[in-house]
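Chemist: Provided herewith: protein-v8.tsv, TSV, N, CA and C atoms.
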chain	number	residue	atom	x	y	z
A	1086	MET	N	71.38	129.87	102.87
A	1086	MET	CA	71.32	128.78	103.83
A	1086	MET	C	70.94	127.49	103.10
A	1087	ILE	N	71.58	126.43	103.48
A	1087	ILE	CA	71.33	125.14	102.86
A	1087	ILE	C	70.11	124.47	103.52
A	1088	SER	N	69.29	123.86	102.70
A	1088	SER	CA	68.09	123.20	103.23
A	1088	SER	C	68.48	121.87	103.87
A	1089	PRO	N	67.61	121.35	104.74
A	1089	PRO	CA	67.90	120.04	105.33
A	1089	PRO	C	68.03	118.94	104.28
A	1090	GLU	N	67.25	119.03	103.22
A	1090	GLU	CA	67.32	118.03	102.15
A	1090	GLU	C	68.67	118.08	101.44
A	1091	GLU	N	69.15	119.30	101.17
A	1091	GLU	CA	70.45	119.45	100.52
A	1091	GLU	C	71.57	118.96	101.43
A	1092	ALA	N	71.44	119.25	102.72
A	1092	ALA	CA	72.45	118.79	103.68
A	1092	ALA	C	72.51	117.26	103.73
A	1093	LEU	N	71.35	116.63	103.71
A	1093	LEU	CA	71.30	115.17	103.71
A	1093	LEU	C	71.90	114.61	102.42
A	1094	ALA	N	71.54	115.18	101.28
A	1094	ALA	CA	72.10	114.73	100.01
A	1094	ALA	C	73.62	114.86	100.01
A	1095	ASN	N	74.12	115.99	100.49
A	1095	ASN	CA	75.57	116.20	100.56
A	1095	ASN	C	76.24	115.19	101.48
A	1096	ALA	N	75.60	114.88	102.61
A	1096	ALA	CA	76.18	113.92	103.55
A	1096	ALA	C	76.23	112.52	102.94
A	1097	ILE	N	75.20	112.14	102.19
A	1097	ILE	CA	75.17	110.83	101.54
A	1097	ILE	C	76.30	110.72	100.52
A	1098	ILE	N	76.45	111.76	99.72
A	1098	ILE	CA	77.50	111.76	98.69
A	1098	ILE	C	78.87	111.76	99.34
A	1099	LEU	N	79.05	112.58	100.38
A	1099	LEU	CA	80.33	112.66	101.06
A	1099	LEU	C	80.71	111.30	101.67
A	1100	GLN	N	79.75	110.58	102.20
A	1100	GLN	CA	80.05	109.24	102.75
A	1100	GLN	C	80.50	108.29	101.64
A	1101	GLY	N	79.85	108.38	100.47
A	1101	GLY	CA	80.29	107.58	99.33
A	1101	GLY	C	81.71	107.91	98.92
A	1102	VAL	N	82.03	109.20	98.90
A	1102	VAL	CA	83.39	109.63	98.55
A	1102	VAL	C	84.40	109.09	99.57
A	1103	LYS	N	84.07	109.19	100.85
A	1103	LYS	CA	84.98	108.68	101.90
A	1103	LYS	C	85.18	107.18	101.76
A	1104	ASP	N	84.09	106.45	101.53
A	1104	ASP	CA	84.19	104.99	101.38
A	1104	ASP	C	85.02	104.63	100.16
A	1105	TYR	N	84.80	105.35	99.06
A	1105	TYR	CA	85.54	105.06	97.82
A	1105	TYR	C	87.02	105.35	98.01
A	1106	ARG	N	87.32	106.49	98.61
A	1106	ARG	CA	88.72	106.87	98.85
A	1106	ARG	C	89.40	105.83	99.74
A	1107	MET	N	88.72	105.37	100.79
A	1107	MET	CA	89.28	104.37	101.69
A	1107	MET	C	89.54	103.06	100.94
A	1108	ALA	N	88.61	102.66	100.08
A	1108	ALA	CA	88.78	101.43	99.30
A	1108	ALA	C	89.97	101.56	98.35
A	1109	LEU	N	90.09	102.70	97.69
A	1109	LEU	CA	91.21	102.90	96.78
A	1109	LEU	C	92.55	102.85	97.51
A	1110	LYS	N	92.61	103.47	98.67
A	1110	LYS	CA	93.86	103.45	99.44
A	1110	LYS	C	94.20	102.03	99.89
A	1111	ALA	N	93.19	101.26	100.26
A	1111	ALA	CA	93.43	99.86	100.64
A	1111	ALA	C	93.92	99.07	99.44
A	1112	LEU	N	93.35	99.33	98.26
A	1112	LEU	CA	93.78	98.62	97.05
A	1112	LEU	C	95.17	99.04	96.61
A	1113	LYS	N	95.54	100.27	96.89
A	1113	LYS	CA	96.89	100.71	96.57
A	1113	LYS	C	97.91	99.92	97.39
A	1114	LEU	N	97.57	99.64	98.65
A	1114	LEU	CA	98.46	98.87	99.51
A	1114	LEU	C	98.43	97.38	99.19
A	1115	ASN	N	97.23	96.88	98.84
A	1115	ASN	CA	97.07	95.46	98.56
A	1115	ASN	C	96.02	95.30	97.44
A	1116	PRO	N	96.47	95.20	96.19
A	1116	PRO	CA	95.54	95.10	95.07
A	1116	PRO	C	94.62	93.88	95.12
A	1117	ASN	N	94.91	92.91	95.98
A	1117	ASN	CA	94.09	91.70	96.09
A	1117	ASN	C	93.08	91.76	97.23
A	1118	ASN	N	92.94	92.91	97.86
A	1118	ASN	CA	92.02	93.07	98.99
A	1118	ASN	C	90.58	92.94	98.50
A	1119	GLY	N	89.97	91.81	98.81
A	1119	GLY	CA	88.61	91.52	98.33
A	1119	GLY	C	87.56	92.47	98.87
A	1120	THR	N	87.67	92.83	100.14
A	1120	THR	CA	86.71	93.75	100.74
A	1120	THR	C	86.79	95.11	100.07
A	1121	ALA	N	87.99	95.58	99.83
A	1121	ALA	CA	88.17	96.88	99.18
A	1121	ALA	C	87.65	96.84	97.74
A	1122	LYS	N	87.87	95.73	97.04
A	1122	LYS	CA	87.34	95.59	95.68
A	1122	LYS	C	85.82	95.66	95.68
A	1123	ASP	N	85.21	94.98	96.65
A	1123	ASP	CA	83.75	94.98	96.75
A	1123	ASP	C	83.22	96.37	97.06
A	1124	THR	N	83.87	97.07	97.98
A	1124	THR	CA	83.44	98.42	98.34
A	1124	THR	C	83.58	99.35	97.15
A	1125	LYS	N	84.69	99.25	96.45
A	1125	LYS	CA	84.92	100.10	95.28
A	1125	LYS	C	83.81	99.88	94.25
A	1126	ALA	N	83.50	98.63	93.96
A	1126	ALA	CA	82.46	98.32	92.98
A	1126	ALA	C	81.09	98.81	93.45
A	1127	GLU	N	80.80	98.64	94.72
A	1127	GLU	CA	79.51	99.08	95.27
A	1127	GLU	C	79.36	100.60	95.18
A	1128	VAL	N	80.40	101.32	95.53
A	1128	VAL	CA	80.32	102.78	95.48
A	1128	VAL	C	80.26	103.27	94.03
A	1129	GLU	N	80.97	102.61	93.12
A	1129	GLU	CA	80.86	102.99	91.71
A	1129	GLU	C	79.44	102.78	91.19
A	1130	ARG	N	78.79	101.70	91.62
A	1130	ARG	CA	77.38	101.50	91.24
A	1130	ARG	C	76.52	102.64	91.77
A	1131	PHE	N	76.77	103.05	93.02
A	1131	PHE	CA	76.02	104.17	93.59
A	1131	PHE	C	76.27	105.44	92.79
A	1132	PHE	N	77.54	105.75	92.51
A	1132	PHE	CA	77.86	106.96	91.76
A	1132	PHE	C	77.17	106.99	90.39
A	1133	ARG	N	77.01	105.83	89.79
A	1133	ARG	CA	76.41	105.75	88.45
A	1133	ARG	C	74.89	105.53	88.50
A	1134	SER	N	74.32	105.54	89.67
A	1134	SER	CA	72.89	105.24	89.83
A	1134	SER	C	72.01	106.47	89.59
A	1135	GLN	N	70.73	106.19	89.37
A	1135	GLN	CA	69.76	107.27	89.23
A	1135	GLN	C	69.62	108.02	90.55
A	1136	TRP	N	69.78	107.33	91.66
A	1136	TRP	CA	69.68	107.98	92.95
A	1136	TRP	C	70.76	109.05	93.09
A	1137	PHE	N	72.01	108.72	92.72
A	1137	PHE	CA	73.09	109.70	92.77
A	1137	PHE	C	72.76	110.88	91.87
A	1138	SER	N	72.23	110.60	90.68
A	1138	SER	CA	71.87	111.68	89.75
A	1138	SER	C	70.79	112.59	90.33
A	1139	ALA	N	69.91	112.02	91.15
A	1139	ALA	CA	68.88	112.83	91.80
A	1139	ALA	C	69.46	113.68	92.92
A	1140	LEU	N	70.55	113.21	93.52
A	1140	LEU	CA	71.17	113.94	94.63
A	1140	LEU	C	72.16	115.00	94.18
A	1141	SER	N	72.74	114.83	92.99
A	1141	SER	CA	73.84	115.69	92.58
A	1141	SER	C	73.87	115.88	91.07
A	1142	ASP	N	74.42	117.01	90.66
A	1142	ASP	CA	74.64	117.29	89.24
A	1142	ASP	C	76.05	116.93	88.81
A	1143	VAL	N	76.86	116.41	89.74
A	1143	VAL	CA	78.25	116.04	89.45
A	1143	VAL	C	78.26	114.82	88.54
A	1144	SER	N	79.12	114.85	87.55
A	1144	SER	CA	79.30	113.71	86.66
A	1144	SER	C	79.94	112.57	87.43
A	1145	PRO	N	79.30	111.39	87.43
A	1145	PRO	CA	79.89	110.25	88.16
A	1145	PRO	C	81.27	109.88	87.63
A	1146	GLU	N	81.44	109.91	86.33
A	1146	GLU	CA	82.74	109.54	85.75
A	1146	GLU	C	83.82	110.54	86.14
A	1147	PHE	N	83.47	111.81	86.18
A	1147	PHE	CA	84.41	112.84	86.62
A	1147	PHE	C	84.83	112.59	88.07
A	1148	LEU	N	83.86	112.31	88.92
A	1148	LEU	CA	84.13	112.07	90.34
A	1148	LEU	C	85.02	110.84	90.52
A	1149	ILE	N	84.69	109.75	89.85
A	1149	ILE	CA	85.49	108.53	89.94
A	1149	ILE	C	86.91	108.78	89.45
A	1150	GLU	N	87.05	109.47	88.34
A	1150	GLU	CA	88.37	109.77	87.78
A	1150	GLU	C	89.19	110.63	88.74
A	1151	ARG	N	88.57	111.65	89.30
A	1151	ARG	CA	89.29	112.55	90.21
A	1151	ARG	C	89.75	111.82	91.47
A	1152	LEU	N	88.91	110.98	92.02
A	1152	LEU	CA	89.29	110.25	93.22
A	1152	LEU	C	90.41	109.25	92.93
A	1153	ASN	N	90.36	108.61	91.77
A	1153	ASN	CA	91.45	107.70	91.38
A	1153	ASN	C	92.75	108.47	91.20
A	1154	GLU	N	92.68	109.64	90.58
A	1154	GLU	CA	93.89	110.47	90.41
A	1154	GLU	C	94.44	110.91	91.76
A	1155	GLU	N	93.55	111.23	92.67
A	1155	GLU	CA	93.97	111.66	94.01
A	1155	GLU	C	94.77	110.56	94.71
A	1156	VAL	N	94.34	109.33	94.60
A	1156	VAL	CA	94.99	108.23	95.30
A	1156	VAL	C	96.16	107.65	94.51
A	1157	PHE	N	95.99	107.45	93.20
A	1157	PHE	CA	97.00	106.78	92.40
A	1157	PHE	C	97.84	107.71	91.54
A	1158	GLY	N	97.48	108.97	91.49
A	1158	GLY	CA	98.15	109.89	90.58
A	1158	GLY	C	97.59	109.72	89.20
A	1159	ASN	N	98.28	110.17	88.20
A	1159	ASN	CA	97.79	110.10	86.81
A	1159	ASN	C	97.98	108.73	86.20
A	1160	ASP	N	98.50	107.77	86.95
A	1160	ASP	CA	98.75	106.42	86.45
A	1160	ASP	C	97.53	105.52	86.50
A	1161	SER	N	96.41	105.99	87.12
A	1161	SER	CA	95.26	105.11	87.34
A	1161	SER	C	94.52	104.77	86.08
Translate this structure into structure tokens?
Modeler:
Amino acid sequence: MISPEEALANAIILQGVKDYRMALKALKLNPNNGTAKDTKAEVERFFRSQWFSALSDVSPEFLIERLNEEVFGNDS
């Protein structure tokens, strides 16, 4: 059984993933979308933060790379 703390950590990370994926999809449609650029940069800062490291053992660079591949393919 997952603890409440683990569930909260997972929910925080999942929201970051959803926000990042949404920003990437918006940038795929319009590379000049300022809001999407800001969101992408903000979530990347979160992924690379000490807080993220405390919540997860996932490599931030691996996560960022995988999400970019998911949206843009291997061309990202």
Chemist: Residues of segment 1140-1159 of chain A within 8 Å of segment 1108-1122 of chain A: nearest atom pair and distance (Å, one decimal) for each, counting only N, CA and C atoms, sorted by chain and number, as JSON lines?
Modeler:
{"residue": "A:Leu1152", "atom": "C", "partner": "A:Leu1109", "partner_atom": "CA", "distance": 7.5}
{"residue": "A:Asn1153", "atom": "CA", "partner": "A:Leu1109", "partner_atom": "CA", "distance": 7.2}
{"residue": "A:Val1156", "atom": "CA", "partner": "A:Lys1110", "partner_atom": "N", "distance": 6.3}
{"residue": "A:Phe1157", "atom": "N", "partner": "A:Leu1109", "partner_atom": "C", "distance": 7.2}
Chemist: Any idea what the distance is between atom N of Ile1149 of chain A and atom C of Pro1089 of chain A?
Modeler: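 Going from atom N of Ile1149 of chain A over to atom C of Pro1089 of chain A covers 23.9 Å.
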Chemist: Closest to Ser1144 of chain A among A:Phe1132, A:Gly1101, A:Asn1159, A:Ile1087, using only C-alpha atoms?
Modeler: A:Phe1132
Chemist: Mind listing the alpha helix (DSSP H) residues of chain A, per DSSP on the backbone, as an MDAnalysis selection string?
Modeler: chainID A and resid 1089:1114 1119:1132 1135:1140 1145:1157
Chemist: Please, what distance in Å, to one decimal, runs between atom CA of Ile1097 of chain A and atom CA of Glu1155 of chain A?
Modeler: 20.3 Å
Chemist: For a test of reading the model, state the distance in Å between atom CA of Val1102 of chain A and atom CA of Leu1148 of chain A, rounded to one decimal.
Modeler: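 Separating atom CA of Val1102 of chain A from atom CA of Leu1148 of chain A is a distance of 8.6 Å.
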Chemist: Quick one: of A:Asp1123, A:Phe1131, A:Glu1150, A:Ser1138, who's nearest to Gln1100 of chain A, counting only C-alpha atoms?
Modeler: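 Residue with the minimum atom-to-atom distance to Gln1100 of chain A: A:Phe1131.
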Chemist: Would you mind telling me which residue in A:Asp1104, A:Glu1146, A:Glu1091, A:Glu1154 lies nearest to Arg1133 of chain A when using all atoms listed in the file?
Modeler: A:Glu1146
Chemist: Only all heavy atoms, as a PDB file, in the first residue's frame: that is what I want for segment 1096-1108 of chain A.
Modeler:
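Written out: result03.pdb:
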ATOM      1  N   ALA A1096       1.496  12.687  -7.046  1.00  0.00           N
ATOM      2  CA  ALA A1096       0.544  13.632  -7.631  1.00  0.00           C
ATOM      3  C   ALA A1096       1.239  14.927  -8.058  1.00  0.00           C
ATOM      4  O   ALA A1096       0.926  15.484  -9.114  1.00  0.00           O
ATOM      5  CB  ALA A1096      -0.578  13.930  -6.635  1.00  0.00           C
ATOM      6  N   ILE A1097       2.191  15.395  -7.258  1.00  0.00           N
ATOM      7  CA  ILE A1097       2.937  16.612  -7.593  1.00  0.00           C
ATOM      8  C   ILE A1097       3.738  16.401  -8.873  1.00  0.00           C
ATOM      9  O   ILE A1097       3.717  17.234  -9.793  1.00  0.00           O
ATOM     10  CB  ILE A1097       3.846  17.027  -6.424  1.00  0.00           C
ATOM     11  CG1 ILE A1097       3.001  17.492  -5.236  1.00  0.00           C
ATOM     12  CG2 ILE A1097       4.840  18.115  -6.860  1.00  0.00           C
ATOM     13  CD1 ILE A1097       3.779  17.629  -3.940  1.00  0.00           C
ATOM     14  N   ILE A1098       4.417  15.275  -8.949  1.00  0.00           N
ATOM     15  CA  ILE A1098       5.228  14.974 -10.133  1.00  0.00           C
ATOM     16  C   ILE A1098       4.337  14.795 -11.356  1.00  0.00           C
ATOM     17  O   ILE A1098       4.636  15.317 -12.443  1.00  0.00           O
ATOM     18  CB  ILE A1098       6.102  13.738  -9.891  1.00  0.00           C
ATOM     19  CG1 ILE A1098       7.156  14.067  -8.827  1.00  0.00           C
ATOM     20  CG2 ILE A1098       6.754  13.253 -11.178  1.00  0.00           C
ATOM     21  CD1 ILE A1098       7.867  12.870  -8.263  1.00  0.00           C
ATOM     22  N   LEU A1099       3.228  14.076 -11.192  1.00  0.00           N
ATOM     23  CA  LEU A1099       2.314  13.854 -12.305  1.00  0.00           C
ATOM     24  C   LEU A1099       1.758  15.174 -12.839  1.00  0.00           C
ATOM     25  O   LEU A1099       1.638  15.356 -14.049  1.00  0.00           O
ATOM     26  CB  LEU A1099       1.170  12.931 -11.886  1.00  0.00           C
ATOM     27  CG  LEU A1099       0.173  12.569 -12.969  1.00  0.00           C
ATOM     28  CD1 LEU A1099       0.851  11.910 -14.166  1.00  0.00           C
ATOM     29  CD2 LEU A1099      -0.900  11.653 -12.411  1.00  0.00           C
ATOM     30  N   GLN A1100       1.468  16.118 -11.958  1.00  0.00           N
ATOM     31  CA  GLN A1100       0.980  17.429 -12.417  1.00  0.00           C
ATOM     32  C   GLN A1100       2.057  18.153 -13.220  1.00  0.00           C
ATOM     33  O   GLN A1100       1.769  18.778 -14.240  1.00  0.00           O
ATOM     34  CB  GLN A1100       0.525  18.294 -11.243  1.00  0.00           C
ATOM     35  CG  GLN A1100      -0.140  19.578 -11.685  1.00  0.00           C
ATOM     36  CD  GLN A1100      -1.394  19.332 -12.502  1.00  0.00           C
ATOM     37  OE1 GLN A1100      -2.288  18.612 -12.058  1.00  0.00           O
ATOM     38  NE2 GLN A1100      -1.472  19.905 -13.693  1.00  0.00           N
ATOM     39  N   GLY A1101       3.314  18.051 -12.773  1.00  0.00           N
ATOM     40  CA  GLY A1101       4.414  18.637 -13.541  1.00  0.00           C
ATOM     41  C   GLY A1101       4.528  18.011 -14.920  1.00  0.00           C
ATOM     42  O   GLY A1101       4.726  18.707 -15.918  1.00  0.00           O
ATOM     43  N   VAL A1102       4.388  16.694 -14.981  1.00  0.00           N
ATOM     44  CA  VAL A1102       4.446  15.993 -16.271  1.00  0.00           C
ATOM     45  C   VAL A1102       3.307  16.452 -17.177  1.00  0.00           C
ATOM     46  O   VAL A1102       3.521  16.732 -18.361  1.00  0.00           O
ATOM     47  CB  VAL A1102       4.409  14.461 -16.058  1.00  0.00           C
ATOM     48  CG1 VAL A1102       4.155  13.720 -17.367  1.00  0.00           C
ATOM     49  CG2 VAL A1102       5.705  13.983 -15.413  1.00  0.00           C
ATOM     50  N   LYS A1103       2.101  16.550 -16.630  1.00  0.00           N
ATOM     51  CA  LYS A1103       0.954  17.005 -17.430  1.00  0.00           C
ATOM     52  C   LYS A1103       1.164  18.425 -17.941  1.00  0.00           C
ATOM     53  O   LYS A1103       0.894  18.718 -19.109  1.00  0.00           O
ATOM     54  CB  LYS A1103      -0.323  16.938 -16.596  1.00  0.00           C
ATOM     55  CG  LYS A1103      -0.819  15.534 -16.346  1.00  0.00           C
ATOM     56  CD  LYS A1103      -2.063  15.552 -15.466  1.00  0.00           C
ATOM     57  CE  LYS A1103      -2.566  14.159 -15.161  1.00  0.00           C
ATOM     58  NZ  LYS A1103      -3.749  14.186 -14.265  1.00  0.00           N
ATOM     59  N   ASP A1104       1.646  19.307 -17.064  1.00  0.00           N
ATOM     60  CA  ASP A1104       1.887  20.695 -17.470  1.00  0.00           C
ATOM     61  C   ASP A1104       2.965  20.771 -18.548  1.00  0.00           C
ATOM     62  O   ASP A1104       2.846  21.539 -19.505  1.00  0.00           O
ATOM     63  CB  ASP A1104       2.302  21.543 -16.267  1.00  0.00           C
ATOM     64  CG  ASP A1104       1.175  21.756 -15.274  1.00  0.00           C
ATOM     65  OD1 ASP A1104       0.002  21.460 -15.588  1.00  0.00           O
ATOM     66  OD2 ASP A1104       1.471  22.215 -14.145  1.00  0.00           O
ATOM     67  N   TYR A1105       4.024  19.982 -18.383  1.00  0.00           N
ATOM     68  CA  TYR A1105       5.125  19.992 -19.351  1.00  0.00           C
ATOM     69  C   TYR A1105       4.649  19.466 -20.704  1.00  0.00           C
ATOM     70  O   TYR A1105       4.926  20.064 -21.744  1.00  0.00           O
ATOM     71  CB  TYR A1105       6.277  19.145 -18.817  1.00  0.00           C
ATOM     72  CG  TYR A1105       7.573  19.331 -19.567  1.00  0.00           C
ATOM     73  CD1 TYR A1105       8.294  20.507 -19.448  1.00  0.00           C
ATOM     74  CD2 TYR A1105       8.085  18.335 -20.389  1.00  0.00           C
ATOM     75  CE1 TYR A1105       9.487  20.695 -20.137  1.00  0.00           C
ATOM     76  CE2 TYR A1105       9.268  18.511 -21.066  1.00  0.00           C
ATOM     77  CZ  TYR A1105       9.971  19.680 -20.936  1.00  0.00           C
ATOM     78  OH  TYR A1105      11.157  19.858 -21.620  1.00  0.00           O
ATOM     79  N   ARG A1106       3.917  18.366 -20.667  1.00  0.00           N
ATOM     80  CA  ARG A1106       3.392  17.774 -21.906  1.00  0.00           C
ATOM     81  C   ARG A1106       2.473  18.770 -22.619  1.00  0.00           C
ATOM     82  O   ARG A1106       2.561  18.932 -23.841  1.00  0.00           O
ATOM     83  CB  ARG A1106       2.644  16.487 -21.558  1.00  0.00           C
ATOM     84  CG  ARG A1106       2.240  15.668 -22.761  1.00  0.00           C
ATOM     85  CD  ARG A1106       1.501  14.406 -22.331  1.00  0.00           C
ATOM     86  NE  ARG A1106       2.420  13.413 -21.813  1.00  0.00           N
ATOM     87  CZ  ARG A1106       2.248  12.741 -20.667  1.00  0.00           C
ATOM     88  NH1 ARG A1106       1.196  12.971 -19.905  1.00  0.00           N
ATOM     89  NH2 ARG A1106       3.126  11.838 -20.294  1.00  0.00           N
ATOM     90  N   MET A1107       1.611  19.453 -21.883  1.00  0.00           N
ATOM     91  CA  MET A1107       0.701  20.434 -22.467  1.00  0.00           C
ATOM     92  C   MET A1107       1.491  21.587 -23.099  1.00  0.00           C
ATOM     93  O   MET A1107       1.174  22.037 -24.201  1.00  0.00           O
ATOM     94  CB  MET A1107      -0.249  20.969 -21.397  1.00  0.00           C
ATOM     95  CG  MET A1107      -1.289  21.933 -21.911  1.00  0.00           C
ATOM     96  SD  MET A1107      -2.407  22.528 -20.628  1.00  0.00           S
ATOM     97  CE  MET A1107      -1.283  23.421 -19.578  1.00  0.00           C
ATOM     98  N   ALA A1108       2.540  22.052 -22.414  1.00  0.00           N
ATOM     99  CA  ALA A1108       3.363  23.132 -22.954  1.00  0.00           C
ATOM    100  C   ALA A1108       4.069  22.690 -24.230  1.00  0.00           C
ATOM    101  O   ALA A1108       4.120  23.443 -25.211  1.00  0.00           O
ATOM    102  CB  ALA A1108       4.380  23.590 -21.913  1.00  0.00           C
TER     103      ALA A1108
END
